[in-house]
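Student: One structure follows; several queries about it will come next.
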Amino acid sequence: MNLQITPQRTLAETAIIDAFGERLSALPGDGAVMVKRDNAIEAVKAGLPTKRVESWHYTDLRRLLTSVPPHDETANAKAVAPLIEGSTVLSVLNGVASEKPAAIDGVTVQPLAEKLADGSFAPALETYGSDDAIGALNIAFVGDGFFVDIAEGSELEAPLELQNVQAGGQTHVRLPVRVGNGAKATIVERQTGSGAALASSVSQLLLGDDAEILWIIVQDQPETATHFAQFKAELGKNSKLTLFIMNAGGKLVRQEVVVDAKGEGADFKLRGVNLLAGDSHTDVTMVLDHSVPHTTSTEVIRNVVTGRAKGVFQGRINVAQYAQKTDAKMACNTLLLSDDGEFSTKPELEIFADDVQCGHGATVTEIDHNHLFYLMARGIDEKTARGLLVKAFLAEVIEELEDEPTVEALEALLDGWFATHG
Amino acid sequence: MPAVQDTIDRVRKIDVDQYKYGFETEIEMDKAPKGLSEDTIRFISAKKNEPQWMLDWRLEAYRRWVTLQEPTWARVNYPKIDFQDIHYYAAPKSTPGPTSLAEVDPELLKVYEKLGIPLREQEILAGVQKPADSELDEANDNVYKSGRVAVDAVFDSVSVVTTFKKELAEAGVIFCSISEAIREHPDLVKKYLGSVVPTSDNYYATLNSAVFTDGSFVFVPKGVRCPMELSTYFRINEKNTGQFERTLIIAEEGAYVSYLEGCTAPQRDENQLHAAVVELIALDDAEIKYSTVQNWYPGDAQGKGGIYNFVTKRGDCRGDRSKISWTQVETGSAITWKYPSCILRGDDSRGEFYSIAVSNGHQQVDSGTKMIHLGKNTSSRIISKGIAAGFSQNTYRGQVSAHRKASNARNFTQCDSLLIGEDCGAHTVPYIEAKNSTAQFEHEATTSKISEDQLFYVMQRGIPEEEAIALIVNGFVKEVIQELPMEFAVEAQKLIGISLEGSVG
C-alpha cells in the first residue's frame with residue numbers, strides 16, 4: 001500500500017498560520033475579501049512548496065524558509081530618498097500607506113486599505129496557478145498599499161516612486177497600477193528596509209492600449225530579510241512595457257514576473273541585474289504569455305554570484321496556439337565568481353504556434369581570461385581589472401534604458417554594491 | 001512560411017497510418033499469466049534458470065517498486081497503466097534457448113527478414129544475398145558494404161539469436177543475451193549490473209529491475225577495439241505483453257565499441273508498455289558509442305494504440321579520459337519518456353548526445369539528456385532537433401550540472417524545434433546548474449524558420465528554392481546523422497525522410 005503521509009508542519013508554516021489567527025481581526029476587508037483571505041490561508045496550510053513543485057524546483061521554500069517573525073506593531077520605518085531626483089514619492093511604511101500625497105496631474109491615488117475595506121478590490125485578489133505561494137501569502141495578509149490610476153492620455157513628467165519600506169516584523173503590501181490608453185510614465189518600485197522582516201509585495205499593472213511604461217524595481221533589503229515579490233502585468237494593444245529589475249540584497253528573495261501580452265502589437269522588455277553575495281538565495285522567475293498574434297518580447301538577465309550565494313533564474317515563454325508571428329528572445333548570462341556560489345537556470349519555451357521566432361540562450365561562466373589579460377597587460381592590477389569587467393557586464397544592460405538620470409541612479413547603486421561586496 | 005510544402009508532404013508520408021512494420025506474426029508463444037506479483041518474478045527467474053542472487057535482486061526491486069508512485073512530471077498524458085493487465089513474459093515456444101539459427105523457428109526468421117535485419121551470418125559472410133527490389137533491403141545492402149554487424153535479436157521477452165559470437169569471442173569480446181551472461185559470466189554481471197542505474201533509480205527502472213526478461217550484454221576487455229558493430233533489434237509481437245529489456249555494456253580500459261539498437265512492433269489498438277534499462281560503463285580511455293533508431297508503433301491517426309516507451313538509459317564515464325556518445329533517432333512510440341544520460345565521473349571524460357525526435361499524429365515525446373559533470377576537465381555536447389507535426393507534442397527536457405569539484409566543466413547545448421501545423425506543440429525545458437566557478441555552460445534553443453540570407457545566397461547561385469533549402473538543411477541535420485554508424489544513418493534518413501529547415505538560422 002502506498003501511504004500518503006502529510007508531513008509535519010515546519011516552524012515557518014506554523015508561524016504563518018498562527019500569525020493569520022492573530023492578525024485577522026486587524027486586517028481590512030469586507031466579506032468578499034475575507035473569503036479570499038480564508039481560501040488563501042488554506043493554500044498555505046496545505047504546505048509551502050517544495051522542490052517537487054516544478055515552479056519552485058530550485059527554491060525549496062519549505063526547507064529555505066526557516067523562521068517567520070511575528071507582526072511588529074512598534075516597528076518604525078522611514079521613507080527613503082527617491083532613486084531618481086524629482087520623483088513623486090508614495091511610501092508604504094511597515095505595511096501601512098503613509099498619508100495621502102498631494103494631487104498629481106492625471107493620477108488618482110487611493111490607499112489600498114480603503115479599497116479592501118469596501119470590498120471593491122476583492123475581485124483582483126487572485127492567485128495564478130496552483131503553486132502561487134507568494135500570491136496566497138499576500139492575499140491572506142495584505143493590509144495596505146496604493147491603488148494608482150493613471151488617466152488616459154496623460155504623460156507623467158516626473159517619475160512616480162512607490163516605496164515599500166520595512167523595519168522588521170511582517171509586511172504584506174499590494175501596489176496595483178492601472179494605466180489608461182495612450183498614457184506614458186516611469187514608475188520606480190523600491191523594496192527596501194532595515195529589519196529581519198518577512199515582506200511580501202505584489203504589483204499589479206494593467207496597461208491600456210498604446211500605453212508606454214518603464215517600470216524599475218530596485219530591491220536592496222538587508223541581508224537578514226525575506227522578500228517575496230510578484231509583478232503581474234497585462235498588456236493592451238500596441239502597448240510597451242519595459243521592466244527593469246535590480247536585486248541587490250535580502251537573505252531569501254523570490255521575485256516573480258508574470259506577464260500576459262494579450263493585446264496585438266504589445267511589446268515587453270525585461271532587463272534584470274542580480275547581484276548576489278553572502279549566504280543569500282535569490283530567485284527570479286518569469287512566466288510570459290504570448291496570447292495573441294504579433295506580440296514581441298526580449299528578456300536579458302545578468303547575474304553576478306559571489307560568496308556562498310545561490311542564484312536562480314527560471315523563465316518560461318508560452319506561445320498560445322494561434323499567436324502567430326510571435327517574436328520572443330530570452331538570454332540569461334551569469335558570472336560565477338566564487339567556487340562556493342551556485343547558479344541554476346531553467347529557460348523554458350512552450351510553443352503551440354508554428355510561425356514564430358523564439359529562442360533562448362543561457363550561459364554560466366567565469367570572467368574571460370583573455371579580457372583579463374588584455375587589461376592587466378596594460379598595467380591594471382587584477383582586482384581592478386576584474387571589477388571593470390564585471391561592471392561592464394552589468395552596465396551593458398543598465399545603459400539600454402537610455403534615460404540619463406535613471407541610468408546614473410542605477411549605476412550609482414551598482415557602485416555602492418561593489419564598494420561593500422566587491 | 002513556417003515550413004515548405006515539401007517538408008510537410010514528407011512528414012505526412014511517415015504518418016502513423018503508414019507504419020510499415022505493423023504486421024503481426026503467428027508464433028506459438030509461451031507466456032506468463034497476466035499480472036505482476038512475486039510469483040511472476042519467480043516464474044521469470046525460473047524460466048531463465050537464474051541463480052538465487054539474481055532472483056533476490058529482482059525481488060528486492062519488486063518490493064521497492066510497490067512502494068513507489070508513477071512519476072507525473074513529464075509533459076505527457078495517458079490513461080493510467082494497469083500493471084496487472086500485462087504479460088510480463090512471452091517467448092516463442094519452439095526455441096528454449098537456441099544455439100544456432102537452425103533451431104530458430106522459421107516464422108521468426110521471416111519476421112526479421114521482413115524487418116530487413118541480417119541474421120543469416122553465413123550469407124552475410126559470403127556477401128551473396130544481394131538486395132531484392134524491396135525498399136528495406138537497401139539498408140541491408142549497406143550493411144554488407146560497410147562491414148559486418150553482429151546482431152542480437154530480441155523477440156518479446158527473449159533473445160532469439162546472437163550472431164558472430166565466435167568471431168567476437170576470438171577478439172575477447174563477449175556479446176550475448178543478458179540471460180546467458182547471468183548464467184555464464186555471473187561475476188561480471190554481479191559487478192556491473194545496477195551500478196549505473198540502481199534498482200532504486202526511478203519507477204520504471206525499478207519495475208524493469210524486477211521483471212526484465214532479456215536484453216544484450218557486451219563486454220569489451222582492456223585494450224580491445226571491438227572488430228565489428230554490435231546491434232540489437234527489439235520486436236514486440238505478442239498481445240498484451242510488456243517488453244522489459246536490460247542492456248549492459250562494459251568497455252574496459254582503452255576499449256572501443258559501437259552499439260546499435262532498433263525496434264518495431266505490430267499495429268494494435270491497445271497500448272503496450274516498453275520499459276527498458278540500458279547501462280553503459282566506460283573505464284579509463286574507453287569509448288562507447290550507442291545509437292538508437294526507435295521506431296515502435298506510434299498508434300493510429302486517432303491516437304489509438306501504440307507503444308509507451310519509458311526508458312532509462314545512462315552511461316557512466318567511470319574512468320579518466322573515457323567517452324560515451326548517445327545518438328538517437330526517435331520516430332515511433334505513442335509516448336516517449338527517455339533521457340539518455342552521461343555521468344562524467346572520470347577526469348577529462350566526455351559525454352555527447354545527438355538526437356532527432358520526430359513526432360506526428362498524436363505522439364507525445366518528452367526526451368532529452370542529462371550531463372552530470374563530476375570529474376575535472378569534463379566536457380559535454382548536446383545537439384537536439386525536434387520536429388512536431390499533426391497533433392503531437394514534442395518536448396526537450398535536459399539537465400546540465402557541474403558539481404563543486406568539477407573544475408573546468410564545459411558544456412554546449414543546442415536544441416532546435418520545428419513545428420508543422422497549428423495543432424502541435426514544441427517545448428524546451430533545460431535545467432542548467434553550475435556549482436563551480438570554472439564551469440562554462442552555453443545553451444541555445446530556437447524555434448524559427450530558415451534564414452532568408454542563407455537562402456538568398458544559395459538561390460542567387462542559380463539553385464532553385466526547394467533544392468536550396470534541402471542543401472542548407474542537409475548540412476544541418478548532418479550534425480546528428482553523421483554521428484550514426486553508416487548503416488543506421490541510411491535507415492535513419494529513410495525513416496525521417498524530411499528536412500529540418502525550420503531550425504536553421
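Ordering of the C-alpha cells sets the chain letters (A, B, ...), residue numbers begin anew at 1 in every chain, and ligands are numbered from 1 in the order given.
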Give one line per residue of chain A that approaches chain B to at most 7 Å, naming the two atoms of the closest pair and their distance in Å to one decimal, counting only C-alpha atoms; sort by chain then ascending residue number and deliver it as JSON lines.

Tutor:
```
{"residue": "A:Met1", "atom": "CA", "partner": "B:Thr67", "partner_atom": "CA", "distance": 6.8}
{"residue": "A:Asn2", "atom": "CA", "partner": "B:Thr67", "partner_atom": "CA", "distance": 5.8}
{"residue": "A:Gln321", "atom": "CA", "partner": "B:Glu422", "partner_atom": "CA", "distance": 6.7}
{"residue": "A:Leu336", "atom": "CA", "partner": "B:Ser437", "partner_atom": "CA", "distance": 4.9}
{"residue": "A:Leu337", "atom": "CA", "partner": "B:Ser437", "partner_atom": "CA", "distance": 5.7}
{"residue": "A:Ser338", "atom": "CA", "partner": "B:Ser437", "partner_atom": "CA", "distance": 5.6}
{"residue": "A:Asp339", "atom": "CA", "partner": "B:Ser437", "partner_atom": "CA", "distance": 5.0}
{"residue": "A:Gly341", "atom": "CA", "partner": "B:Lys435", "partner_atom": "CA", "distance": 6.2}
{"residue": "A:Glu342", "atom": "CA", "partner": "B:Lys435", "partner_atom": "CA", "distance": 4.4}
{"residue": "A:Phe343", "atom": "CA", "partner": "B:Ala434", "partner_atom": "CA", "distance": 5.3}
{"residue": "A:Ser344", "atom": "CA", "partner": "B:Glu433", "partner_atom": "CA", "distance": 4.1}
{"residue": "A:Thr345", "atom": "CA", "partner": "B:Ile432", "partner_atom": "CA", "distance": 5.0}
{"residue": "A:Lys346", "atom": "CA", "partner": "B:Tyr431", "partner_atom": "CA", "distance": 4.7}
{"residue": "A:Pro347", "atom": "CA", "partner": "B:Pro430", "partner_atom": "CA", "distance": 6.3}
{"residue": "A:Glu348", "atom": "CA", "partner": "B:Val429", "partner_atom": "CA", "distance": 4.7}
{"residue": "A:Leu349", "atom": "CA", "partner": "B:Thr428", "partner_atom": "CA", "distance": 4.9}
{"residue": "A:Glu350", "atom": "CA", "partner": "B:His427", "partner_atom": "CA", "distance": 4.4}
{"residue": "A:Ile351", "atom": "CA", "partner": "B:Ala426", "partner_atom": "CA", "distance": 5.2}
{"residue": "A:Phe352", "atom": "CA", "partner": "B:Gly425", "partner_atom": "CA", "distance": 4.3}
{"residue": "A:Ala353", "atom": "CA", "partner": "B:Glu422", "partner_atom": "CA", "distance": 5.8}
{"residue": "A:Asp354", "atom": "CA", "partner": "B:Leu419", "partner_atom": "CA", "distance": 4.9}
{"residue": "A:Asp355", "atom": "CA", "partner": "B:Pro2", "partner_atom": "CA", "distance": 5.0}
{"residue": "A:Val356", "atom": "CA", "partner": "B:Ser448", "partner_atom": "CA", "distance": 6.0}
{"residue": "A:Gln357", "atom": "CA", "partner": "B:Ser448", "partner_atom": "CA", "distance": 4.6}
{"residue": "A:Cys358", "atom": "CA", "partner": "B:Thr447", "partner_atom": "CA", "distance": 5.0}
{"residue": "A:Gly359", "atom": "CA", "partner": "B:Thr446", "partner_atom": "CA", "distance": 4.1}
{"residue": "A:His360", "atom": "CA", "partner": "B:Ala445", "partner_atom": "CA", "distance": 5.2}
{"residue": "A:Gly361", "atom": "CA", "partner": "B:Glu444", "partner_atom": "CA", "distance": 4.4}
{"residue": "A:Ala362", "atom": "CA", "partner": "B:His443", "partner_atom": "CA", "distance": 4.9}
{"residue": "A:Thr363", "atom": "CA", "partner": "B:Glu442", "partner_atom": "CA", "distance": 4.5}
{"residue": "A:Val364", "atom": "CA", "partner": "B:Phe441", "partner_atom": "CA", "distance": 5.0}
{"residue": "A:Thr365", "atom": "CA", "partner": "B:Gln440", "partner_atom": "CA", "distance": 4.5}
{"residue": "A:Glu366", "atom": "CA", "partner": "B:Ser437", "partner_atom": "CA", "distance": 5.7}
```

Student: DSSP on the backbone, then: every residue of segment 227-304 of chain A marked strand (DSSP E), written as an MDAnalysis selection string.

Tutor: chainID A and resid 227:235 240:247 252:261 267:276 281:290 296:304

Student: Which one is closest to His71 of chain A: A:Phe244, A:Phe373, A:Phe141, A:Trp417? Count only C-alpha atoms.

Tutor: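 The answer is A:Phe141, which sits nearest to His71 of chain A.
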
Student: What's the 10 Å shell around Glu114 of chain A, counting only C-alpha atoms, without same-chain residues fewer than 5 positions away, as an MDAnalysis selection string?

Tutor: chainID A and resid 28:29 119:121 143:147

Student: Go through B:Arg58, B:Arg345, B:Lys338, B:His274 and flag the residue nearest Leu193 of chain B, using only C-alpha atoms for the distances.

Tutor: B:Arg58

Student: Skip Asn181 of chain A itself and residues of its chain fewer than 4 positions away, then list as a PyMOL selection string all residues within 6 Å of it, counting only C-alpha atoms.

Tutor: chain A and resi 152+208-211

Student: Quick one: distance from atom CA of Met459 of chain B to atom CA of Gly386 of chain B in Å, one decimal?

Tutor: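 We find that atom CA of Met459 of chain B and atom CA of Gly386 of chain B lie 26.3 Å from each other.
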
Student: Val390 of chain A: which residues within 9 Å, counting only C-alpha atoms, same-chain residues fewer than 5 positions away excluded, as a list in words?

Tutor: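 The neighbour list is Val304, Leu335, Ile367, Ala385 and Ala395 of chain A.
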
Student: Save out the residues we just selected, C-alpha atoms, as a tab-separated table (two decimals), in the first residue's frame.

Tutor:
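Dumped everything to again_13.tsv:
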```tsv
chain	number	residue	atom	x	y	z
A	304	VAL	CA	26.93	38.09	-10.64
A	335	LEU	CA	29.27	35.31	-13.96
A	367	ILE	CA	35.49	36.08	-16.27
A	385	ALA	CA	40.61	44.64	-13.94
A	395	ALA	CA	26.31	48.22	-17.12
```

Student: Which residue is closest to Ala275 of chain B? Choose from B:Asn208, B:Ser231, B:Gln52, B:Ser359 and count only C-alpha atoms.

Tutor: B:Asn208

Student: For segment 281-283 of chain B, find every residue with an atom within 6 Å (counting only C-alpha atoms), except residues of its own chain fewer than 6 positions away, and show them as a VMD selection string.

Tutor: chain B and resid 250 to 253 315 to 319 322

Student: Determine which residues of segment 80-207 of chain A DSSP labels as helix (DSSP H, G or I) from the backbone of this structure, then write them out as an MDAnalysis selection string.

Tutor: chainID A and resid 112:117 122:124 133:141

Student: Smallest atom-to-atom distance to Asn333 of chain A: which of A:Arg302, A:Lys36, A:Arg52, A:Arg386, using only C-alpha atoms?

Tutor: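 Going through A:Arg302, A:Lys36, A:Arg52, A:Arg386 one by one, the smallest distance to Asn333 of chain A is for A:Arg302.
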